[in-house]
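Visitor: You'll find query_38.cif just under this line, and it carries mmCIF, C-alpha atoms.
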data_input
#
loop_
_atom_site.label_atom_id
_atom_site.label_comp_id
_atom_site.auth_asym_id
_atom_site.auth_seq_id
_atom_site.Cartn_x
_atom_site.Cartn_y
_atom_site.Cartn_z
CA MET A 6 300.45 69.57 -14.78
CA LYS A 7 303.90 67.98 -14.80
CA ARG A 8 305.52 66.99 -18.06
CA LEU A 9 306.31 63.41 -19.00
CA SER A 10 309.72 62.10 -18.01
CA LYS A 11 310.26 60.69 -21.49
CA LEU A 12 309.06 61.49 -24.99
CA GLU A 13 305.80 59.71 -25.79
CA ILE A 14 304.72 59.73 -29.43
CA PHE A 15 302.34 58.09 -31.90
CA ASN A 16 303.29 57.63 -35.54
CA ASP A 17 300.30 58.87 -37.53
CA PRO A 18 299.98 58.36 -41.31
CA ILE A 19 298.51 61.84 -41.76
CA TYR A 20 300.72 64.10 -39.63
CA GLY A 21 303.75 61.96 -38.84
CA PHE A 22 304.75 61.94 -35.17
CA ILE A 23 302.10 63.08 -32.69
CA ARG A 24 303.51 63.86 -29.27
CA ILE A 25 301.73 63.47 -25.96
CA PRO A 26 302.33 66.84 -24.28
CA ASN A 27 301.69 66.06 -20.61
CA SER A 28 300.84 63.35 -18.13
CA GLN A 29 297.13 64.26 -17.98
CA VAL A 30 296.73 63.55 -21.70
CA PHE A 31 298.80 60.38 -21.32
CA HIS A 32 296.56 59.04 -18.54
CA LEU A 33 293.40 59.92 -20.49
CA ILE A 34 294.66 58.01 -23.54
CA ASP A 35 295.66 55.11 -21.30
CA HIS A 36 292.20 54.88 -19.69
CA PRO A 37 289.93 51.93 -20.74
CA PHE A 38 287.20 54.41 -21.72
CA PHE A 39 289.51 55.90 -24.34
CA GLN A 40 291.22 52.66 -25.40
CA ARG A 41 287.74 51.39 -26.36
CA LEU A 42 287.82 53.88 -29.26
CA ARG A 43 290.31 51.56 -30.98
CA ARG A 44 287.31 49.27 -31.52
CA ILE A 45 284.87 51.94 -32.79
CA SER A 46 284.83 52.54 -36.56
CA GLN A 47 285.22 56.17 -37.53
CA MET A 48 283.00 55.88 -40.60
CA GLY A 49 280.39 53.25 -39.77
CA MET A 50 279.79 50.91 -42.71
CA SER A 51 281.64 53.05 -45.27
CA TYR A 52 284.31 50.38 -45.62
CA LEU A 53 281.77 48.40 -47.68
CA VAL A 54 282.11 51.17 -50.28
CA TYR A 55 285.68 52.36 -49.64
CA PRO A 56 287.76 49.32 -48.56
CA GLY A 57 290.43 51.47 -46.89
CA ALA A 58 288.02 53.17 -44.50
CA HIS A 59 288.84 50.99 -41.50
CA HIS A 60 290.27 53.73 -39.31
CA THR A 61 288.84 54.29 -35.85
CA ARG A 62 287.70 57.01 -33.48
CA PHE A 63 291.03 56.49 -31.68
CA HIS A 64 292.93 57.71 -34.75
CA HIS A 65 290.64 60.70 -35.16
CA ALA A 66 290.83 61.79 -31.52
CA LEU A 67 294.63 61.77 -31.56
CA GLY A 68 294.67 63.69 -34.85
CA ALA A 69 292.28 66.34 -33.56
CA MET A 70 294.43 66.73 -30.44
CA HIS A 71 297.51 67.19 -32.63
CA LEU A 72 295.82 69.95 -34.63
CA MET A 73 294.75 71.60 -31.37
CA GLN A 74 298.39 71.69 -30.27
CA GLU A 75 299.29 73.33 -33.59
CA ALA A 76 296.49 75.89 -33.22
CA ILE A 77 297.51 76.79 -29.66
CA ASP A 78 301.13 77.29 -30.72
CA MET A 79 300.09 79.45 -33.69
CA LEU A 80 297.76 81.66 -31.66
CA ARG A 81 300.43 82.18 -29.01
CA LEU A 82 302.87 83.26 -31.73
CA LYS A 83 300.32 85.92 -32.71
CA GLY A 84 300.15 87.24 -29.15
CA VAL A 85 296.99 85.47 -27.96
CA LYS A 86 297.27 84.69 -24.26
CA ILE A 87 296.48 81.04 -23.51
CA SER A 88 297.42 79.82 -20.05
CA GLU A 89 298.82 76.38 -19.31
CA ALA A 90 295.54 75.43 -17.61
CA GLU A 91 293.56 76.56 -20.67
CA GLU A 92 295.89 74.58 -22.93
CA GLU A 93 295.36 71.45 -20.86
CA GLY A 94 291.61 72.03 -20.94
CA LEU A 95 291.60 72.43 -24.73
CA LEU A 96 293.66 69.29 -25.29
CA ALA A 97 291.53 67.18 -22.95
CA ALA A 98 288.26 68.52 -24.42
CA ILE A 99 289.22 67.77 -28.03
CA LEU A 100 290.74 64.41 -27.12
CA LEU A 101 287.49 63.31 -25.44
CA HIS A 102 284.99 65.02 -27.73
CA ASP A 103 283.97 61.73 -29.42
CA ILE A 104 284.44 59.32 -26.52
CA GLY A 105 280.66 58.77 -26.38
CA HIS A 106 280.40 57.17 -29.82
CA GLY A 107 278.94 53.68 -29.84
CA PRO A 108 279.50 50.79 -32.27
CA PHE A 109 279.90 51.91 -35.88
CA SER A 110 279.67 55.55 -34.75
CA HIS A 111 276.77 57.51 -36.30
CA ALA A 112 275.17 54.45 -37.90
CA LEU A 113 273.65 53.22 -34.60
CA GLU A 114 273.74 56.46 -32.62
CA GLN A 115 270.00 56.54 -31.87
CA GLU A 116 269.66 52.84 -30.96
CA TRP A 117 271.18 52.61 -27.49
CA ILE A 118 269.97 55.20 -24.97
CA PRO A 119 266.74 57.11 -25.72
CA GLY A 120 267.23 60.85 -26.04
CA MET A 121 271.04 60.74 -25.85
CA ASP A 122 273.33 61.33 -28.81
CA HIS A 123 277.09 60.73 -28.75
CA GLU A 124 277.80 64.24 -27.46
CA ALA A 125 275.58 63.70 -24.42
CA ILE A 126 277.25 60.35 -23.73
CA SER A 127 280.69 61.95 -24.23
CA LEU A 128 279.76 64.47 -21.55
CA ALA A 129 278.75 61.65 -19.19
CA PHE A 130 282.11 59.93 -19.76
CA MET A 131 283.98 63.20 -19.17
CA GLU A 132 282.10 63.82 -15.94
CA ALA A 133 282.98 60.30 -14.77
CA LEU A 134 286.65 60.85 -15.64
CA ASN A 135 286.53 64.20 -13.84
CA ARG A 136 285.30 62.50 -10.67
CA GLU A 137 288.06 59.90 -10.97
CA SER A 138 290.70 62.62 -11.29
CA SER A 139 289.35 64.76 -8.42
CA GLY A 140 288.22 67.61 -10.67
CA GLN A 141 291.16 67.88 -13.07
CA LEU A 142 288.82 68.08 -16.07
CA GLU A 143 286.76 71.07 -14.91
CA MET A 144 288.35 73.35 -17.48
CA ALA A 145 287.85 70.76 -20.24
CA LEU A 146 284.20 70.36 -19.28
CA SER A 147 283.52 74.09 -19.40
CA ILE A 148 285.08 74.27 -22.89
CA PHE A 149 283.32 71.13 -24.16
CA THR A 150 279.92 72.42 -23.03
CA GLY A 151 280.56 75.87 -24.53
CA LYS A 152 280.37 77.60 -21.15
CA HIS A 153 283.92 78.89 -20.85
CA PRO A 154 283.91 82.71 -20.69
CA ARG A 155 286.64 82.95 -23.35
CA LYS A 156 284.52 82.18 -26.41
CA PHE A 157 287.34 81.34 -28.82
CA LEU A 158 288.39 78.41 -26.61
CA ASN A 159 284.94 76.88 -27.04
CA GLU A 160 285.07 77.55 -30.80
CA LEU A 161 288.37 75.70 -31.21
CA VAL A 162 286.56 72.55 -30.00
CA SER A 163 283.11 73.12 -31.50
CA SER A 164 282.34 75.48 -34.36
CA GLN A 165 282.10 75.42 -38.13
CA LEU A 166 285.89 75.56 -38.37
CA ASP A 167 287.06 73.53 -35.38
CA MET A 168 289.86 71.00 -34.96
CA ASP A 169 287.37 68.12 -35.10
CA ARG A 170 286.25 69.00 -38.63
CA LEU A 171 289.76 69.79 -39.84
CA ASP A 172 290.96 66.34 -38.82
CA TYR A 173 288.04 64.18 -39.92
CA LEU A 174 287.90 65.71 -43.41
CA LYS A 175 291.61 65.23 -43.99
CA ARG A 176 291.69 61.78 -42.38
CA ASP A 177 288.55 60.40 -44.01
CA SER A 178 289.74 61.69 -47.39
CA PHE A 179 293.04 59.89 -46.91
CA TYR A 180 291.56 56.54 -45.90
CA THR A 181 288.82 56.53 -48.53
CA GLY A 182 291.03 57.83 -51.30
CA VAL A 183 288.53 60.58 -52.15
CA ALA A 184 290.93 63.36 -53.11
CA GLU A 185 288.20 66.02 -53.29
CA GLY A 186 287.96 65.97 -49.50
CA ASN A 187 291.65 66.63 -48.87
CA ILE A 188 292.08 69.99 -47.15
CA ASN A 189 295.15 71.96 -46.12
CA ALA A 190 294.57 71.91 -42.37
CA GLU A 191 297.97 73.41 -41.66
CA ARG A 192 297.26 76.41 -43.89
CA LEU A 193 293.90 77.01 -42.19
CA ILE A 194 295.47 76.83 -38.74
CA THR A 195 298.17 79.28 -39.82
CA MET A 196 295.41 81.75 -40.79
CA LEU A 197 293.56 81.54 -37.44
CA ASN A 198 293.49 84.48 -35.06
CA VAL A 199 291.38 85.87 -32.22
CA HIS A 200 289.44 89.15 -32.43
CA GLU A 201 287.27 90.44 -29.60
CA ASP A 202 287.45 87.00 -27.98
CA ARG A 203 286.10 85.19 -31.08
CA LEU A 204 287.92 82.83 -33.41
CA VAL A 205 288.51 84.41 -36.84
CA VAL A 206 290.36 83.70 -40.06
CA GLU A 207 292.71 86.32 -41.45
CA GLU A 208 291.65 87.79 -44.81
CA LYS A 209 294.36 86.06 -46.83
CA GLY A 210 292.94 82.68 -45.75
CA VAL A 211 289.48 83.25 -47.24
CA TYR A 212 289.99 80.94 -50.21
CA SER A 213 291.34 78.20 -47.95
CA VAL A 214 288.05 78.43 -46.04
CA GLU A 215 286.08 78.24 -49.28
CA LYS A 216 288.00 75.12 -50.31
CA PHE A 217 287.35 73.64 -46.85
CA LEU A 218 283.60 74.16 -47.25
CA MET A 219 283.59 72.75 -50.77
CA ALA A 220 285.56 69.72 -49.57
CA ARG A 221 283.03 69.17 -46.79
CA ARG A 222 280.19 69.23 -49.31
CA PHE A 223 281.96 66.74 -51.60
CA MET A 224 282.75 64.39 -48.72
CA TYR A 225 279.15 64.31 -47.55
CA TRP A 226 277.72 63.39 -50.93
CA GLN A 227 280.57 61.14 -52.07
CA VAL A 228 281.35 59.43 -48.75
CA TYR A 229 279.24 60.09 -45.65
CA LEU A 230 275.92 60.00 -47.55
CA HIS A 231 277.00 57.63 -50.30
CA LYS A 232 273.91 55.67 -51.22
CA THR A 233 275.49 52.21 -50.81
CA GLY A 234 276.90 53.09 -47.41
CA LEU A 235 273.53 54.55 -46.47
CA ALA A 236 271.77 51.30 -47.46
CA ALA A 237 274.24 49.24 -45.41
CA GLU A 238 273.78 51.40 -42.32
CA GLN A 239 270.00 51.25 -42.63
CA ILE A 240 270.18 47.45 -42.77
CA LEU A 241 272.37 47.48 -39.65
CA VAL A 242 269.83 49.65 -37.82
CA ARG A 243 267.04 47.24 -38.77
CA ILE A 244 269.06 44.26 -37.56
CA ILE A 245 269.34 45.80 -34.11
CA ARG A 246 265.65 46.72 -34.05
CA ARG A 247 264.56 43.23 -35.16
CA ALA A 248 266.80 41.58 -32.57
CA ARG A 249 265.38 43.83 -29.86
CA GLU A 250 261.83 43.02 -30.93
CA LEU A 251 262.48 39.27 -30.92
CA GLN A 252 264.22 39.39 -27.56
CA ARG A 253 261.27 41.22 -26.00
CA GLN A 254 258.98 38.51 -27.34
CA GLY A 255 261.19 35.80 -25.89
CA LEU A 256 262.01 34.49 -29.39
CA LEU A 257 265.73 35.33 -29.32
CA GLU A 258 268.29 34.41 -26.71
CA SER A 259 270.05 37.43 -25.23
CA PRO A 260 273.59 37.82 -26.57
CA GLY A 261 274.65 38.66 -23.03
CA GLY A 262 277.30 41.17 -22.09
CA ALA A 263 277.00 44.83 -22.92
CA LEU A 264 274.97 44.23 -26.08
CA GLY A 265 272.42 42.21 -24.11
CA THR A 266 272.03 45.14 -21.72
CA PHE A 267 271.07 47.53 -24.51
CA LEU A 268 268.92 45.08 -26.45
CA GLY A 269 266.66 44.72 -23.45
CA LYS A 270 263.81 47.08 -22.73
CA PRO A 271 265.33 50.59 -23.01
CA GLU A 272 264.95 53.00 -20.15
CA LYS A 273 262.85 56.09 -20.64
CA ALA A 274 264.61 59.15 -21.99
CA GLY A 275 266.15 61.33 -19.33
CA GLY A 276 269.82 60.57 -18.87
CA ILE A 277 272.27 57.73 -18.41
CA THR A 278 272.75 55.78 -15.21
CA THR A 279 276.11 54.73 -13.80
CA GLY A 280 275.32 51.13 -14.70
CA GLN A 281 274.44 52.06 -18.27
CA LEU A 282 277.64 54.08 -18.64
CA GLU A 283 279.74 51.15 -17.41
CA ALA A 284 277.94 48.82 -19.84
CA PHE A 285 278.33 51.30 -22.70
CA ALA A 286 282.07 51.47 -22.00
CA ARG A 287 282.23 47.74 -22.86
CA LEU A 288 280.16 48.01 -26.06
CA ASP A 289 282.01 48.19 -29.38
CA ASP A 290 282.05 47.01 -33.01
CA VAL A 291 283.24 43.54 -31.99
CA ASP A 292 280.02 42.88 -30.05
CA ILE A 293 277.91 43.76 -33.08
CA LEU A 294 279.90 41.72 -35.60
CA TYR A 295 279.92 38.67 -33.33
CA ALA A 296 276.16 38.98 -32.85
CA LEU A 297 275.58 39.28 -36.61
CA LYS A 298 277.49 36.05 -37.23
CA ARG A 299 275.39 34.25 -34.60
CA TRP A 300 272.07 35.71 -35.73
CA MET A 301 272.76 34.73 -39.33
CA ASP A 302 271.80 31.19 -38.26
CA THR A 303 268.75 32.10 -36.19
CA LYS A 304 265.34 30.63 -37.08
CA ASP A 305 263.76 34.05 -37.65
CA PRO A 306 263.74 34.55 -41.44
CA VAL A 307 263.89 38.34 -41.17
CA LEU A 308 266.86 38.60 -38.81
CA SER A 309 268.84 35.83 -40.47
CA ARG A 310 268.34 37.30 -43.95
CA LEU A 311 269.26 40.82 -42.84
CA CYS A 312 272.49 39.55 -41.24
CA ARG A 313 273.44 37.58 -44.35
CA MET A 314 272.79 40.63 -46.52
CA LEU A 315 275.18 42.74 -44.46
CA LEU A 316 277.92 40.20 -43.76
CA HIS A 317 278.00 38.99 -47.38
CA ARG A 318 277.57 42.50 -48.77
CA GLN A 319 274.40 41.56 -50.61
CA LEU A 320 272.94 45.00 -50.14
CA PRO A 321 269.54 46.22 -51.34
CA SER A 322 268.99 48.60 -54.22
CA ILE A 323 268.72 52.23 -53.19
CA LYS A 324 267.42 55.07 -55.32
CA LEU A 325 267.86 58.76 -54.54
CA ARG A 326 265.36 61.32 -55.82
CA GLN A 327 264.29 64.90 -55.32
CA LYS A 328 260.74 64.13 -54.12
CA PRO A 329 259.49 61.84 -51.34
CA VAL A 330 258.66 58.27 -52.30
CA SER A 331 254.92 57.76 -52.61
CA PRO A 332 253.18 55.38 -50.15
CA GLU A 333 251.76 53.55 -53.16
CA LYS A 334 255.23 52.74 -54.50
CA LEU A 335 256.41 51.51 -51.09
CA ALA A 336 253.29 49.35 -50.75
CA LYS A 337 253.87 47.85 -54.20
CA LYS A 338 257.49 46.94 -53.38
CA LYS A 339 256.46 45.44 -50.03
CA ALA A 340 253.76 43.34 -51.69
CA ARG A 341 256.37 41.82 -54.02
CA VAL A 342 258.62 40.94 -51.07
CA CYS A 343 255.68 39.43 -49.16
CA GLU A 344 254.85 37.21 -52.12
CA ALA A 345 258.43 36.24 -52.97
CA TRP A 346 259.60 35.47 -49.42
CA GLY A 347 256.37 34.56 -47.66
CA LEU A 348 256.56 37.43 -45.19
CA SER A 349 253.92 39.56 -43.53
CA GLU A 350 253.65 43.24 -44.43
CA ALA A 351 255.29 44.20 -41.12
CA GLU A 352 258.19 41.82 -41.82
CA ALA A 353 258.58 43.09 -45.38
CA ALA A 354 258.97 46.62 -43.99
CA TYR A 355 262.44 45.60 -42.74
CA PHE A 356 263.52 45.21 -46.37
CA VAL A 357 261.50 47.93 -48.12
CA PHE A 358 261.62 51.42 -46.69
CA GLY A 359 262.12 55.08 -47.52
CA GLY A 360 263.70 58.08 -45.87
CA GLN A 361 265.63 61.26 -46.50
CA VAL A 362 269.13 62.68 -46.07
CA GLU A 363 270.24 66.30 -45.79
CA ASN A 364 273.53 68.03 -46.50
CA ARG A 365 274.46 71.62 -45.67
CA ALA A 366 278.16 72.45 -45.86
CA TYR A 367 277.87 75.86 -44.17
CA ASN A 368 275.16 76.72 -41.66
CA ARG A 369 275.23 80.52 -41.40
CA LYS A 370 272.16 80.52 -39.16
CA ARG A 371 273.96 78.39 -36.57
CA GLN A 372 277.32 80.14 -36.53
CA ASN A 373 279.43 82.22 -38.89
CA ILE A 374 282.98 81.73 -40.05
CA ASN A 375 284.28 85.25 -39.55
CA ILE A 376 287.00 86.85 -41.65
CA LEU A 377 289.30 89.46 -40.10
CA LEU A 378 289.90 92.18 -42.69
CA SER A 379 293.13 94.16 -42.96
CA ASN A 380 291.30 97.25 -41.61
CA GLY A 381 290.36 95.37 -38.43
CA LYS A 382 286.71 94.84 -39.31
CA ILE A 383 284.93 91.48 -39.21
CA THR A 384 282.76 90.03 -41.97
CA ASP A 385 281.20 86.67 -42.78
CA VAL A 386 283.18 84.50 -45.19
CA ALA A 387 280.26 84.56 -47.64
CA SER A 388 280.78 88.27 -48.27
CA ARG A 389 284.49 87.94 -49.09
CA THR A 390 284.43 85.16 -51.68
CA ASP A 391 282.23 83.93 -54.49
CA ARG A 392 278.82 84.73 -53.00
CA LEU A 393 277.05 82.34 -55.32
CA ASN A 394 279.14 79.41 -54.07
CA LEU A 395 278.67 80.20 -50.39
CA GLU A 396 274.97 80.95 -50.70
CA VAL A 397 274.48 77.58 -52.38
CA LEU A 398 276.53 75.84 -49.68
CA SER A 399 274.45 77.55 -46.99
CA GLU A 400 271.20 76.06 -48.23
CA PRO A 401 270.24 72.57 -47.07
CA VAL A 402 270.00 70.01 -49.85
CA VAL A 403 267.47 67.26 -49.12
CA LYS A 404 267.31 64.00 -51.05
CA HIS A 405 264.77 61.24 -50.56
CA TYR A 406 265.53 57.55 -50.94
CA ILE A 407 263.84 54.20 -51.29
CA CYS A 408 265.49 50.84 -50.44
CA TYR A 409 264.24 47.48 -51.66
CA PRO A 410 265.82 44.06 -52.25
CA LYS A 411 267.54 43.20 -55.48
CA LYS A 412 266.31 40.10 -57.25
CA GLY A 413 267.94 36.99 -55.86
CA ILE A 414 268.84 38.38 -52.41
#
Is it possible to give me this structure as structure tokens?

Guide:
Amino acid sequence: MKRLSKLEIFNDPIYGFIRIPNSQVFHLIDHPFFQRLRRISQMGMSYLVYPGAHHTRFHHALGAMHLMQEAIDMLRLKGVKISEAEEEGLLAAILLHDIGHGPFSHALEQEWIPGMDHEAISLAFMEALNRESSGQLEMALSIFTGKHPRKFLNELVSSQLDMDRLDYLKRDSFYTGVAEGNINAERLITMLNVHEDRLVVEEKGVYSVEKFLMARRFMYWQVYLHKTGLAAEQILVRIIRRARELQRQGLLESPGGALGTFLGKPEKAGGITTGQLEAFARLDDVDILYALKRWMDTKDPVLSRLCRMLLHRQLPSIKLRQKPVSPEKLAKKKARVCEAWGLSEAEAAYFVFGGQVENRAYNRKRQNINILLSNGKITDVASRTDRLNLEVLSEPVVKHYICYPKKGI
């Protein structure tokens, strides 16, 4: 792949100047599929809790690519052979790893194409870009899908200590102002190595890994699963579901465009068509916000009220607890809403609902973070640091919640 004829850089608030290393990366960034990420929020509705959290998937993708460049350079300094083709594959794979996110990222991930999460849609976008480029993304595809024979290449893109996680923790901490999530990504990258074709961390970096895992736990409870942000995202989900229901009944005019495509009757699970992919490439946060402003004035009392609640930040109460909410308590809250607002029980269920959230900072059953000892042996990070801390972080923590309207909403 030829180099660029001039220096192309982005000025990033986290890392300073991020350079574009080659023309393949430049053309990927320049593609409309990727430029759309400028209009996809990185953190869903978290800006309703943390006003600074307005950064986008575009920022994150560039940051993850920058860290990948740093990791490649560091591993080469330590004698790890990485070819130019493998480097290009790594950079393309990490750059495109989140290209399949829809409006407000994870908040609406399950609402667009049945059976397809953002990773599956990212793969569909990458395959389309590969066809456009006459197969130039074959290496990136093999790494992204975890099928490349050199395992550590796959792990740099997707593992429990990959460039994706290193960037989003540092970036999200910066934009939210939650200092507990700030990690030393550069230190962690400096400690990376490869042993028997697997990504490892050198022994002197063990406490940096522990801090990384603790930061991840703090960020999930303080930011990603913050109860107010959770309530806002659940209201957004219910707005989309109510609009879809009304449109099917012929009671709501289609918003048209890409959003109208996905509010219609969804296809059965089993993949994404070319037409759906093209429509999805035009769908972003702007479509949703415009629709919310229009639906706020619709005649349906449920949809209009939900949109006002979100746009005016008049969010419902949300309570977290250790045990599931009893059906009797939910029924009691729904009955009050039915009486106060003149709604049916089914309509009240849009405003009163329960659920659960789970947080596990370190999933040892899925994949280990391996530490390379000075004697050349490999051990799991949990055996080289405070075992109590890591054992606690390895266990899933489940919390149950109930949402219901505040008085006066």

Visitor: Please write as a PyMOL selection string the full residue list that the PyMOL selection byres ((chain A and resi 142) around 9) yields on this file.

Guide: chain A and resi 93-94+97-98+131-132+134-136+138-141+143-147

Visitor: Env of A:Lys175: 9 Å cut, atoms = only C-alpha atoms, seq-sep filter 5 positions within chain, self excluded. Answer as number ranges by chain.

Guide: A: 19, 170, 180, 186-190

Visitor: Can you tell me how far atom CA of A:Lys338 sits from atom CA of A:Arg326, in Å to one decimal?

Guide: 16.6 Å

Visitor: Taking 5 positions as the minimum chain separation for residues in the same chain, which residues sit within 7 Å of A:Met70 when counting all atoms listed in the file? Answer as a list in words.

Guide: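 Residues near the query, excluding close chain neighbours: Leu96, Ile99 and Leu100 of chain A.
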
Visitor: So, counting all atoms listed in the file, which residue among A:Val307, A:Val211, A:Leu377, A:Leu268 is closest to A:Ser349?

Guide: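 Going through A:Val307, A:Val211, A:Leu377, A:Leu268 one by one, the smallest distance to A:Ser349 is for A:Val307.
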
Visitor: Return the single residue from A:Gln239, A:Thr303, A:Gly269, A:Ile293 that is closest to A:Arg253, with distances computed using only C-alpha atoms.

Guide: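 Smallest separation from A:Arg253 among the options: A:Gly269.
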
Visitor: Return as a Markdown table the residues of stretch 172-256 of chain A lying at most 10 Å from stretch 396-408 of chain A, together with the closest atom-to-atom pair for each and the distance in Å to one decimal, counting only C-alpha atoms, with rows in chain order and ascending residue number.

Guide:
| residue | atom | partner | partner_atom | distance |
| --- | --- | --- | --- | --- |
| A:Glu215 | CA | A:Leu398 | CA | 9.9 |
| A:Leu218 | CA | A:Leu398 | CA | 7.7 |
| A:Met219 | CA | A:Leu398 | CA | 7.8 |
| A:Arg221 | CA | A:Leu398 | CA | 9.8 |
| A:Arg222 | CA | A:Leu398 | CA | 7.6 |
| A:Lys232 | CA | A:Tyr406 | CA | 8.6 |
| A:Leu235 | CA | A:Tyr406 | CA | 9.6 |
| A:Ala236 | CA | A:Cys408 | CA | 7.0 |
| A:Gln239 | CA | A:Cys408 | CA | 9.0 |
| A:Ile240 | CA | A:Cys408 | CA | 9.6 |

Visitor: Using C-alpha atoms, can you write the selected residues to a file as a short mmCIF file (atom, residue, chain, number, x, y, z; two decimals), in the coordinates of the input?

Guide:
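Full text of part11.cif as output:
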data_model
loop_
_atom_site.label_atom_id
_atom_site.label_comp_id
_atom_site.auth_asym_id
_atom_site.auth_seq_id
_atom_site.Cartn_x
_atom_site.Cartn_y
_atom_site.Cartn_z
CA GLU A 215 286.08 78.24 -49.28
CA LEU A 218 283.60 74.16 -47.25
CA MET A 219 283.59 72.75 -50.77
CA ARG A 221 283.03 69.17 -46.79
CA ARG A 222 280.19 69.23 -49.31
CA LYS A 232 273.91 55.67 -51.22
CA LEU A 235 273.53 54.55 -46.47
CA ALA A 236 271.77 51.30 -47.46
CA GLN A 239 270.00 51.25 -42.63
CA ILE A 240 270.18 47.45 -42.77
#

Visitor: Pick the closest to A:Leu230 from A:Asp202, A:Asp35, A:Glu363, A:Glu75: which is it, counting all atoms listed in the file?

Guide: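 Under the stated criterion, the closest residue is A:Glu363.
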
Visitor: How far is it from atom CA of A:Pro18 to atom CA of A:Val183, in Å with one decimal?

Guide: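 Going from atom CA of A:Pro18 over to atom CA of A:Val183 covers 15.9 Å.
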